[in-house]
>>> print(open('entry09.pdb').read())   # PDB, C-alpha atoms
MODEL        1
ATOM      1  CA  MET A   1      40.959  -9.385  15.807  1.00  0.00           C
ATOM      2  CA  ASN A   2      42.311 -11.822  13.269  1.00  0.00           C
ATOM      3  CA  LEU A   3      40.687 -14.250  10.867  1.00  0.00           C
ATOM      4  CA  GLU A   4      40.876 -17.221  13.200  1.00  0.00           C
ATOM      5  CA  TYR A   5      38.921 -15.327  15.810  1.00  0.00           C
ATOM      6  CA  PHE A   6      36.190 -14.628  13.271  1.00  0.00           C
ATOM      7  CA  ALA A   7      36.157 -18.243  12.129  1.00  0.00           C
ATOM      8  CA  GLU A   8      35.723 -19.390  15.714  1.00  0.00           C
ATOM      9  CA  TYR A   9      33.045 -16.795  16.343  1.00  0.00           C
ATOM     10  CA  PHE A  10      31.183 -17.874  13.208  1.00  0.00           C
ATOM     11  CA  ALA A  11      31.437 -21.548  14.174  1.00  0.00           C
ATOM     12  CA  ASP A  12      29.580 -20.819  17.421  1.00  0.00           C
ATOM     13  CA  TYR A  13      26.711 -19.142  15.645  1.00  0.00           C
ATOM     14  CA  SER A  14      26.679 -21.027  12.341  1.00  0.00           C
ATOM     15  CA  PRO A  15      23.667 -23.247  13.238  1.00  0.00           C
ATOM     16  CA  LEU A  16      21.618 -20.106  13.875  1.00  0.00           C
ATOM     17  CA  LEU A  17      22.860 -18.452  10.665  1.00  0.00           C
ATOM     18  CA  THR A  18      22.007 -21.542   8.617  1.00  0.00           C
ATOM     19  CA  ALA A  19      18.530 -21.444  10.191  1.00  0.00           C
ATOM     20  CA  ILE A  20      18.042 -17.839   8.997  1.00  0.00           C
ATOM     21  CA  PHE A  21      19.345 -18.609   5.495  1.00  0.00           C
ATOM     22  CA  GLY A  22      17.293 -21.795   5.295  1.00  0.00           C
ATOM     23  CA  GLY A  23      14.157 -19.912   6.276  1.00  0.00           C
ATOM     24  CA  PHE A  24      14.981 -17.206   3.752  1.00  0.00           C
ATOM     25  CA  ALA A  25      15.431 -19.725   0.936  1.00  0.00           C
ATOM     26  CA  LEU A  26      12.227 -21.492   1.958  1.00  0.00           C
ATOM     27  CA  GLY A  27      10.353 -18.171   1.954  1.00  0.00           C
ATOM     28  CA  LEU A  28      11.738 -17.256  -1.469  1.00  0.00           C
ATOM     29  CA  PHE A  29      10.528 -20.599  -2.809  1.00  0.00           C
ATOM     30  CA  TYR A  30       7.122 -20.406  -1.088  1.00  0.00           C
ATOM     31  CA  PHE A  31       6.189 -16.871  -2.084  1.00  0.00           C
ATOM     32  CA  GLY A  32       7.943 -17.090  -5.450  1.00  0.00           C
ATOM     33  CA  SER A  33       5.804 -20.050  -6.437  1.00  0.00           C
ATOM     34  CA  LEU A  34       2.749 -18.244  -5.031  1.00  0.00           C
ATOM     35  CA  TRP A  35       3.564 -15.375  -7.407  1.00  0.00           C
ATOM     36  CA  VAL A  36       3.932 -17.782 -10.351  1.00  0.00           C
ATOM     37  CA  THR A  37       0.570 -19.383  -9.444  1.00  0.00           C
ATOM     38  CA  VAL A  38      -1.231 -16.051  -9.128  1.00  0.00           C
ATOM     39  CA  ARG A  39       0.155 -14.881 -12.471  1.00  0.00           C
ATOM     40  CA  GLN A  40      -1.363 -17.931 -14.190  1.00  0.00           C
ATOM     41  CA  LEU A  41      -4.839 -17.174 -12.785  1.00  0.00           C
ATOM     42  CA  PRO A  42      -6.225 -14.886 -15.553  1.00  0.00           C
ATOM     43  CA  THR A  43      -5.411 -17.349 -18.352  1.00  0.00           C
ATOM     44  CA  THR A  44      -5.850 -20.788 -16.802  1.00  0.00           C
ATOM     45  CA  GLN A  45      -8.774 -23.135 -17.492  1.00  0.00           C
ATOM     46  CA  TRP A  46      -8.829 -24.658 -13.975  1.00  0.00           C
ATOM     47  CA  PRO A  47      -8.269 -21.876 -11.427  1.00  0.00           C
ATOM     48  CA  ILE A  48      -9.495 -23.826  -8.367  1.00  0.00           C
ATOM     49  CA  GLN A  49      -7.380 -26.900  -9.115  1.00  0.00           C
ATOM     50  CA  LEU A  50      -4.373 -24.640  -9.771  1.00  0.00           C
ATOM     51  CA  ILE A  51      -4.663 -22.783  -6.453  1.00  0.00           C
ATOM     52  CA  ILE A  52      -5.342 -25.893  -4.349  1.00  0.00           C
ATOM     53  CA  GLY A  53      -2.601 -27.961  -5.985  1.00  0.00           C
ATOM     54  CA  SER A  54      -0.100 -25.140  -5.599  1.00  0.00           C
ATOM     55  CA  LEU A  55      -1.072 -24.668  -1.935  1.00  0.00           C
ATOM     56  CA  ILE A  56      -0.650 -28.361  -1.140  1.00  0.00           C
ATOM     57  CA  GLY A  57       2.720 -28.588  -2.903  1.00  0.00           C
ATOM     58  CA  ARG A  58       4.098 -25.416  -1.345  1.00  0.00           C
ATOM     59  CA  LEU A  59       2.885 -26.321   2.157  1.00  0.00           C
ATOM     60  CA  THR A  60       4.391 -29.816   1.932  1.00  0.00           C
ATOM     61  CA  ILE A  61       7.803 -28.445   1.004  1.00  0.00           C
ATOM     62  CA  ALA A  62       7.587 -25.687   3.658  1.00  0.00           C
ATOM     63  CA  LEU A  63       6.630 -28.309   6.276  1.00  0.00           C
ATOM     64  CA  LEU A  64       9.554 -30.568   5.399  1.00  0.00           C
ATOM     65  CA  GLY A  65      11.916 -27.601   5.230  1.00  0.00           C
ATOM     66  CA  PHE A  66      10.889 -26.278   8.634  1.00  0.00           C
ATOM     67  CA  TYR A  67      11.214 -29.760  10.135  1.00  0.00           C
ATOM     68  CA  LEU A  68      14.802 -29.913   8.832  1.00  0.00           C
ATOM     69  CA  ILE A  69      15.525 -26.330   9.966  1.00  0.00           C
ATOM     70  CA  ILE A  70      14.199 -26.778  13.525  1.00  0.00           C
ATOM     71  CA  ASP A  71      16.365 -29.841  14.321  1.00  0.00           C
ATOM     72  CA  GLY A  72      15.286 -29.941  17.953  1.00  0.00           C
ATOM     73  CA  GLN A  73      16.002 -26.313  18.909  1.00  0.00           C
ATOM     74  CA  TRP A  74      13.191 -23.767  19.247  1.00  0.00           C
ATOM     75  CA  GLN A  75      15.613 -20.847  18.657  1.00  0.00           C
ATOM     76  CA  ARG A  76      16.295 -22.202  15.170  1.00  0.00           C
ATOM     77  CA  ALA A  77      12.550 -22.347  14.499  1.00  0.00           C
ATOM     78  CA  LEU A  78      12.105 -18.672  15.367  1.00  0.00           C
ATOM     79  CA  LEU A  79      15.130 -17.652  13.265  1.00  0.00           C
ATOM     80  CA  GLY A  80      13.853 -19.708  10.337  1.00  0.00           C
ATOM     81  CA  LEU A  81      10.514 -17.921  10.661  1.00  0.00           C
ATOM     82  CA  LEU A  82      12.392 -14.597  10.688  1.00  0.00           C
ATOM     83  CA  GLY A  83      14.130 -15.479   7.413  1.00  0.00           C
ATOM     84  CA  PHE A  84      10.799 -16.604   5.958  1.00  0.00           C
ATOM     85  CA  ILE A  85       9.131 -13.281   6.841  1.00  0.00           C
ATOM     86  CA  LEU A  86      12.163 -11.406   5.485  1.00  0.00           C
ATOM     87  CA  ALA A  87      11.732 -13.170   2.131  1.00  0.00           C
ATOM     88  CA  ARG A  88       8.011 -12.284   2.153  1.00  0.00           C
ATOM     89  CA  PHE A  89       8.826  -8.630   2.920  1.00  0.00           C
ATOM     90  CA  ILE A  90      11.374  -8.399   0.093  1.00  0.00           C
ATOM     91  CA  LEU A  91       9.132 -10.146  -2.464  1.00  0.00           C
ATOM     92  CA  THR A  92       6.037  -8.089  -1.647  1.00  0.00           C
ATOM     93  CA  LYS A  93       8.078  -4.872  -1.731  1.00  0.00           C
ATOM     94  CA  SER A  94       9.594  -5.720  -5.108  1.00  0.00           C
ATOM     95  CA  LEU A  95       6.312  -6.895  -6.681  1.00  0.00           C
ATOM     96  CA  LYS A  96       4.135  -4.003  -5.502  1.00  0.00           C
ATOM     97  CA  LEU A  97       2.757  -1.894  -8.331  1.00  0.00           C
ATOM     98  CA  PRO A  98       4.906   1.220  -8.851  1.00  0.00           C
ATOM     99  CA  LYS A  99       3.046   4.527  -8.633  1.00  0.00           C
ATOM    100  CA  LYS A 100       3.889   5.558 -12.207  1.00  0.00           C
ATOM    101  CA  ALA A 101       2.195   2.463 -13.614  1.00  0.00           C
ATOM    102  CA  LYS A 102      -0.992   3.343 -11.724  1.00  0.00           C
ATOM    103  CA  PHE A 103      -1.224   6.670 -13.580  1.00  0.00           C
ATOM    104  CA  SER A 104      -0.546   5.092 -16.959  1.00  0.00           C
ATOM    105  CA  ILE A 105      -3.357   2.578 -16.381  1.00  0.00           C
ATOM    106  CA  GLN A 106      -5.861   5.293 -15.491  1.00  0.00           C
ATOM    107  CA  LYS A 107      -5.196   7.246 -18.703  1.00  0.00           C
TER     108      LYS A 107
ATOM    109  CA  MET B   1      -0.429 -37.820  37.029  1.00  0.00           C
ATOM    110  CA  SER B   2       3.198 -36.748  36.978  1.00  0.00           C
ATOM    111  CA  ASP B   3       4.396 -33.350  35.771  1.00  0.00           C
ATOM    112  CA  ILE B   4       6.180 -34.779  32.736  1.00  0.00           C
ATOM    113  CA  SER B   5       3.152 -36.629  31.403  1.00  0.00           C
ATOM    114  CA  LEU B   6       0.961 -33.559  32.047  1.00  0.00           C
ATOM    115  CA  ILE B   7       3.358 -31.313  30.108  1.00  0.00           C
ATOM    116  CA  GLY B   8       3.616 -33.792  27.250  1.00  0.00           C
ATOM    117  CA  MET B   9      -0.152 -34.193  27.027  1.00  0.00           C
ATOM    118  CA  MET B  10      -0.865 -30.466  27.125  1.00  0.00           C
ATOM    119  CA  SER B  11       1.888 -29.737  24.566  1.00  0.00           C
ATOM    120  CA  ILE B  12       0.441 -32.095  21.998  1.00  0.00           C
ATOM    121  CA  PHE B  13      -3.104 -30.923  22.714  1.00  0.00           C
ATOM    122  CA  THR B  14      -2.055 -27.269  22.348  1.00  0.00           C
ATOM    123  CA  ALA B  15      -0.117 -27.980  19.158  1.00  0.00           C
ATOM    124  CA  GLY B  16      -3.224 -29.486  17.585  1.00  0.00           C
ATOM    125  CA  LEU B  17      -5.385 -26.630  18.867  1.00  0.00           C
ATOM    126  CA  SER B  18      -2.921 -24.047  17.530  1.00  0.00           C
ATOM    127  CA  ILE B  19      -2.800 -25.350  13.972  1.00  0.00           C
ATOM    128  CA  GLY B  20      -6.500 -26.207  14.012  1.00  0.00           C
ATOM    129  CA  LEU B  21      -7.640 -22.732  15.023  1.00  0.00           C
ATOM    130  CA  GLY B  22      -4.885 -21.136  12.976  1.00  0.00           C
ATOM    131  CA  ALA B  23      -6.127 -22.804   9.796  1.00  0.00           C
ATOM    132  CA  ILE B  24      -9.668 -21.409  10.089  1.00  0.00           C
ATOM    133  CA  GLY B  25      -8.905 -17.700   9.718  1.00  0.00           C
ATOM    134  CA  PRO B  26      -6.492 -17.955   6.752  1.00  0.00           C
ATOM    135  CA  ALA B  27      -8.881 -20.364   4.999  1.00  0.00           C
ATOM    136  CA  ILE B  28     -11.774 -17.888   5.219  1.00  0.00           C
ATOM    137  CA  GLY B  29      -9.548 -14.943   4.287  1.00  0.00           C
ATOM    138  CA  GLU B  30      -7.937 -16.674   1.336  1.00  0.00           C
ATOM    139  CA  GLY B  31     -11.280 -17.880   0.034  1.00  0.00           C
ATOM    140  CA  LEU B  32     -12.702 -14.352   0.189  1.00  0.00           C
ATOM    141  CA  ALA B  33      -9.585 -12.844  -1.425  1.00  0.00           C
ATOM    142  CA  LEU B  34      -9.558 -15.370  -4.262  1.00  0.00           C
ATOM    143  CA  ALA B  35     -13.313 -15.130  -4.887  1.00  0.00           C
ATOM    144  CA  ASN B  36     -13.206 -11.337  -5.083  1.00  0.00           C
ATOM    145  CA  ALA B  37     -10.112 -11.387  -7.291  1.00  0.00           C
ATOM    146  CA  MET B  38     -11.732 -13.822  -9.720  1.00  0.00           C
ATOM    147  CA  ARG B  39     -14.837 -11.614  -9.815  1.00  0.00           C
ATOM    148  CA  ALA B  40     -12.697  -8.555 -10.509  1.00  0.00           C
ATOM    149  CA  LEU B  41     -10.780 -10.444 -13.222  1.00  0.00           C
ATOM    150  CA  ALA B  42     -14.030 -11.453 -14.894  1.00  0.00           C
ATOM    151  CA  GLN B  43     -15.291  -7.871 -14.865  1.00  0.00           C
ATOM    152  CA  GLN B  44     -12.064  -6.125 -15.868  1.00  0.00           C
ATOM    153  CA  PRO B  45      -9.761  -8.543 -17.724  1.00  0.00           C
ATOM    154  CA  ASP B  46      -7.613  -5.659 -19.029  1.00  0.00           C
ATOM    155  CA  LYS B  47      -6.517  -4.781 -15.476  1.00  0.00           C
ATOM    156  CA  ALA B  48      -5.218  -8.301 -14.779  1.00  0.00           C
ATOM    157  CA  ASN B  49      -1.730  -7.013 -13.920  1.00  0.00           C
ATOM    158  CA  THR B  50      -2.942  -4.739 -11.114  1.00  0.00           C
ATOM    159  CA  ILE B  51      -5.353  -7.359  -9.767  1.00  0.00           C
ATOM    160  CA  THR B  52      -2.841 -10.227  -9.686  1.00  0.00           C
ATOM    161  CA  ARG B  53      -0.172  -8.114  -7.994  1.00  0.00           C
ATOM    162  CA  THR B  54      -2.598  -6.967  -5.301  1.00  0.00           C
ATOM    163  CA  LEU B  55      -3.881 -10.535  -4.917  1.00  0.00           C
ATOM    164  CA  PHE B  56      -0.303 -11.780  -4.446  1.00  0.00           C
ATOM    165  CA  VAL B  57       0.451  -9.234  -1.717  1.00  0.00           C
ATOM    166  CA  GLY B  58      -2.809 -10.064   0.067  1.00  0.00           C
ATOM    167  CA  MET B  59      -2.354 -13.828  -0.203  1.00  0.00           C
ATOM    168  CA  ALA B  60       1.240 -13.598   1.046  1.00  0.00           C
ATOM    169  CA  LEU B  61      -0.003 -11.734   4.131  1.00  0.00           C
ATOM    170  CA  ILE B  62      -2.855 -14.216   4.701  1.00  0.00           C
ATOM    171  CA  GLU B  63      -0.791 -17.373   4.237  1.00  0.00           C
ATOM    172  CA  SER B  64       1.991 -16.214   6.532  1.00  0.00           C
ATOM    173  CA  THR B  65      -0.481 -16.103   9.451  1.00  0.00           C
ATOM    174  CA  ALA B  66      -1.048 -19.819   8.871  1.00  0.00           C
ATOM    175  CA  ILE B  67       2.730 -20.311   8.810  1.00  0.00           C
ATOM    176  CA  TYR B  68       3.033 -18.608  12.235  1.00  0.00           C
ATOM    177  CA  CYS B  69       0.597 -21.096  13.787  1.00  0.00           C
ATOM    178  CA  PHE B  70       2.320 -23.949  11.990  1.00  0.00           C
ATOM    179  CA  VAL B  71       5.739 -22.988  13.391  1.00  0.00           C
ATOM    180  CA  VAL B  72       4.299 -22.626  16.909  1.00  0.00           C
ATOM    181  CA  SER B  73       2.794 -26.110  16.779  1.00  0.00           C
ATOM    182  CA  MET B  74       6.021 -27.518  15.335  1.00  0.00           C
ATOM    183  CA  ILE B  75       7.980 -25.938  18.208  1.00  0.00           C
ATOM    184  CA  LEU B  76       5.549 -27.504  20.690  1.00  0.00           C
ATOM    185  CA  ILE B  77       5.908 -30.949  19.143  1.00  0.00           C
ATOM    186  CA  PHE B  78       9.570 -31.170  18.097  1.00  0.00           C
ATOM    187  CA  ALA B  79      11.441 -28.588  20.199  1.00  0.00           C
ATOM    188  CA  ASN B  80       9.337 -27.894  23.265  1.00  0.00           C
ATOM    189  CA  PRO B  81      11.331 -25.563  25.591  1.00  0.00           C
ATOM    190  CA  PHE B  82       9.219 -26.440  28.669  1.00  0.00           C
ATOM    191  CA  TRP B  83       9.710 -30.147  28.080  1.00  0.00           C
ATOM    192  CA  ASN B  84      13.498 -29.678  27.906  1.00  0.00           C
ATOM    193  CA  TYR B  85      13.394 -27.510  31.044  1.00  0.00           C
ATOM    194  CA  VAL B  86      11.530 -30.128  33.053  1.00  0.00           C
ATOM    195  CA  LEU B  87      13.837 -32.884  31.806  1.00  0.00           C
ATOM    196  CA  ASP B  88      16.877 -30.838  32.876  1.00  0.00           C
ATOM    197  CA  ARG B  89      15.376 -30.114  36.296  1.00  0.00           C
ATOM    198  CA  SER B  90      14.491 -33.710  36.964  1.00  0.00           C
ATOM    199  CA  GLY B  91      17.970 -34.806  35.930  1.00  0.00           C
ATOM    200  CA  GLY B  92      16.679 -37.121  33.232  1.00  0.00           C
TER     201      GLY B  92
ENDMDL
END
>>> encode(input="entry09.pdb", output="structure tokens")
Amino acid sequence: MNLEYFAEYFADYSPLLTAIFGGFALGLFYFGSLWVTVRQLPTTQWPIQLIIGSLIGRLTIALLGFYLIIDGQWQRALLGLLGFILARFILTKSLKLPKKAKFSIQK
Amino acid sequence: MSDISLIGMMSIFTAGLSIGLGAIGPAIGEGLALANAMRALAQQPDKANTITRTLFVGMALIESTAIYCFVVSMILIFANPFWNYVLDRSGG
């Protein structure tokens, strides 16, 4: 078990790892910009245009990103999707309303 | 009709069917979620923080179902495992 062994081991699996990280970055971008869009909703003058424009922009970038991630291998597509869902899980967990805030609102 | 042309035809047809049907449900769900959130925001503007956070969690769930269908149709078009299998078997 030396470093060269690990480097070789990583080289075999690095396309799959880059697929997971690419999907994760894509998911962070997609749901992060969804969060930014949703936060603008209460104050904006054009809510419908905002939501539709944001959806089209985000979907275009996600489409291009997944096309680059897949690269002809269906395993990479599934791993990219896994990273995408992981980013969604982390963002929704971190942005959920904490229970203390609920009580302070009801006061 | 040969096996290869049948598989290619059905793959493209199924990819279109997948993203076509997969767009209907998220579209209805997202429209309902957004309409109800805007109604709630108009009625209770002081609770905008709670409403937008809940709307974000709901929209993330809804939009990821569309992404599932999108990835399935992309696999069928660009990285079809059955297509590669048949090509390997036929030696092409």
>>> resolve_selection(input="entry09.pdb", expression="the ChimeraX specification (/A :<12) & /B", output="PyMOL selection string")
chain B and resi 27+30-31+33-35+37-84
>>> atom_distance(input="entry09.pdb", atom1="CA of Ile52 in chain A", atom2="CA of Pro26 in chain B")
13.7 Å
>>> atom_distance(input="entry09.pdb", atom1="CA of Gly65 in chain A", atom2="CA of Leu26 in chain A")
6.9 Å
>>> atom_distance(input="entry09.pdb", atom1="CA of Ala25 in chain A", atom2="CA of Ala87 in chain A")
7.6 Å
>>> decode(input="entry09.pdb", residues="range 43-59 of chain B", atoms="N, CA, C and O atoms", output="CSV table (one decimal), in the first residue's frame")
chain,number,residue,atom,x,y,z
B,43,GLN,N,-51.3,37.2,0.7
B,43,GLN,CA,-52.1,37.3,1.9
B,43,GLN,C,-51.3,37.6,3.1
B,43,GLN,O,-51.7,38.3,4.0
B,44,GLN,N,-50.1,37.0,3.2
B,44,GLN,CA,-49.2,37.2,4.4
B,44,GLN,C,-47.8,37.6,4.0
B,44,GLN,O,-46.9,36.8,4.0
B,45,PRO,N,-47.7,38.9,3.6
B,45,PRO,CA,-46.3,39.3,3.1
B,45,PRO,C,-45.3,39.2,4.2
B,45,PRO,O,-44.1,39.1,4.0
B,46,ASP,N,-45.7,39.3,5.5
B,46,ASP,CA,-44.7,39.3,6.6
B,46,ASP,C,-44.1,37.9,6.8
B,46,ASP,O,-43.1,37.8,7.5
B,47,LYS,N,-44.7,36.9,6.3
B,47,LYS,CA,-44.2,35.5,6.4
B,47,LYS,C,-43.4,35.1,5.2
B,47,LYS,O,-43.4,33.9,4.9
B,48,ALA,N,-42.9,36.0,4.4
B,48,ALA,CA,-42.2,35.7,3.2
B,48,ALA,C,-41.1,34.7,3.3
B,48,ALA,O,-40.8,33.9,2.5
B,49,ASN,N,-40.4,34.8,4.5
B,49,ASN,CA,-39.2,34.0,4.7
B,49,ASN,C,-39.6,32.5,4.7
B,49,ASN,O,-39.1,31.7,4.0
B,50,THR,N,-40.6,32.2,5.6
B,50,THR,CA,-41.1,30.8,5.7
B,50,THR,C,-41.6,30.3,4.3
B,50,THR,O,-41.3,29.2,3.9
B,51,ILE,N,-42.4,31.2,3.6
B,51,ILE,CA,-43.0,30.7,2.4
B,51,ILE,C,-42.0,30.5,1.3
B,51,ILE,O,-42.0,29.5,0.6
B,52,THR,N,-41.0,31.4,1.2
B,52,THR,CA,-40.0,31.1,0.1
B,52,THR,C,-39.1,29.9,0.4
B,52,THR,O,-38.8,29.2,-0.5
B,53,ARG,N,-38.8,29.7,1.7
B,53,ARG,CA,-38.0,28.5,2.0
B,53,ARG,C,-38.8,27.2,1.6
B,53,ARG,O,-38.3,26.3,1.0
B,54,THR,N,-40.1,27.2,2.1
B,54,THR,CA,-40.9,26.0,1.7
B,54,THR,C,-41.0,25.8,0.2
B,54,THR,O,-41.0,24.7,-0.3
B,55,LEU,N,-41.2,27.0,-0.5
B,55,LEU,CA,-41.4,26.9,-1.9
B,55,LEU,C,-40.1,26.4,-2.6
B,55,LEU,O,-40.2,25.6,-3.5
B,56,PHE,N,-39.0,26.8,-2.0
B,56,PHE,CA,-37.7,26.3,-2.6
B,56,PHE,C,-37.6,24.8,-2.5
B,56,PHE,O,-37.2,24.1,-3.4
B,57,VAL,N,-37.9,24.3,-1.3
B,57,VAL,CA,-37.8,22.8,-1.0
B,57,VAL,C,-38.7,22.1,-1.9
B,57,VAL,O,-38.3,21.1,-2.6
B,58,GLY,N,-40.0,22.6,-2.1
B,58,GLY,CA,-40.9,21.9,-2.9
B,58,GLY,C,-40.5,22.0,-4.4
B,58,GLY,O,-40.6,21.0,-5.1
B,59,MET,N,-40.0,23.1,-4.9
B,59,MET,CA,-39.7,23.2,-6.3
B,59,MET,C,-38.4,22.4,-6.6
B,59,MET,O,-38.3,21.9,-7.7
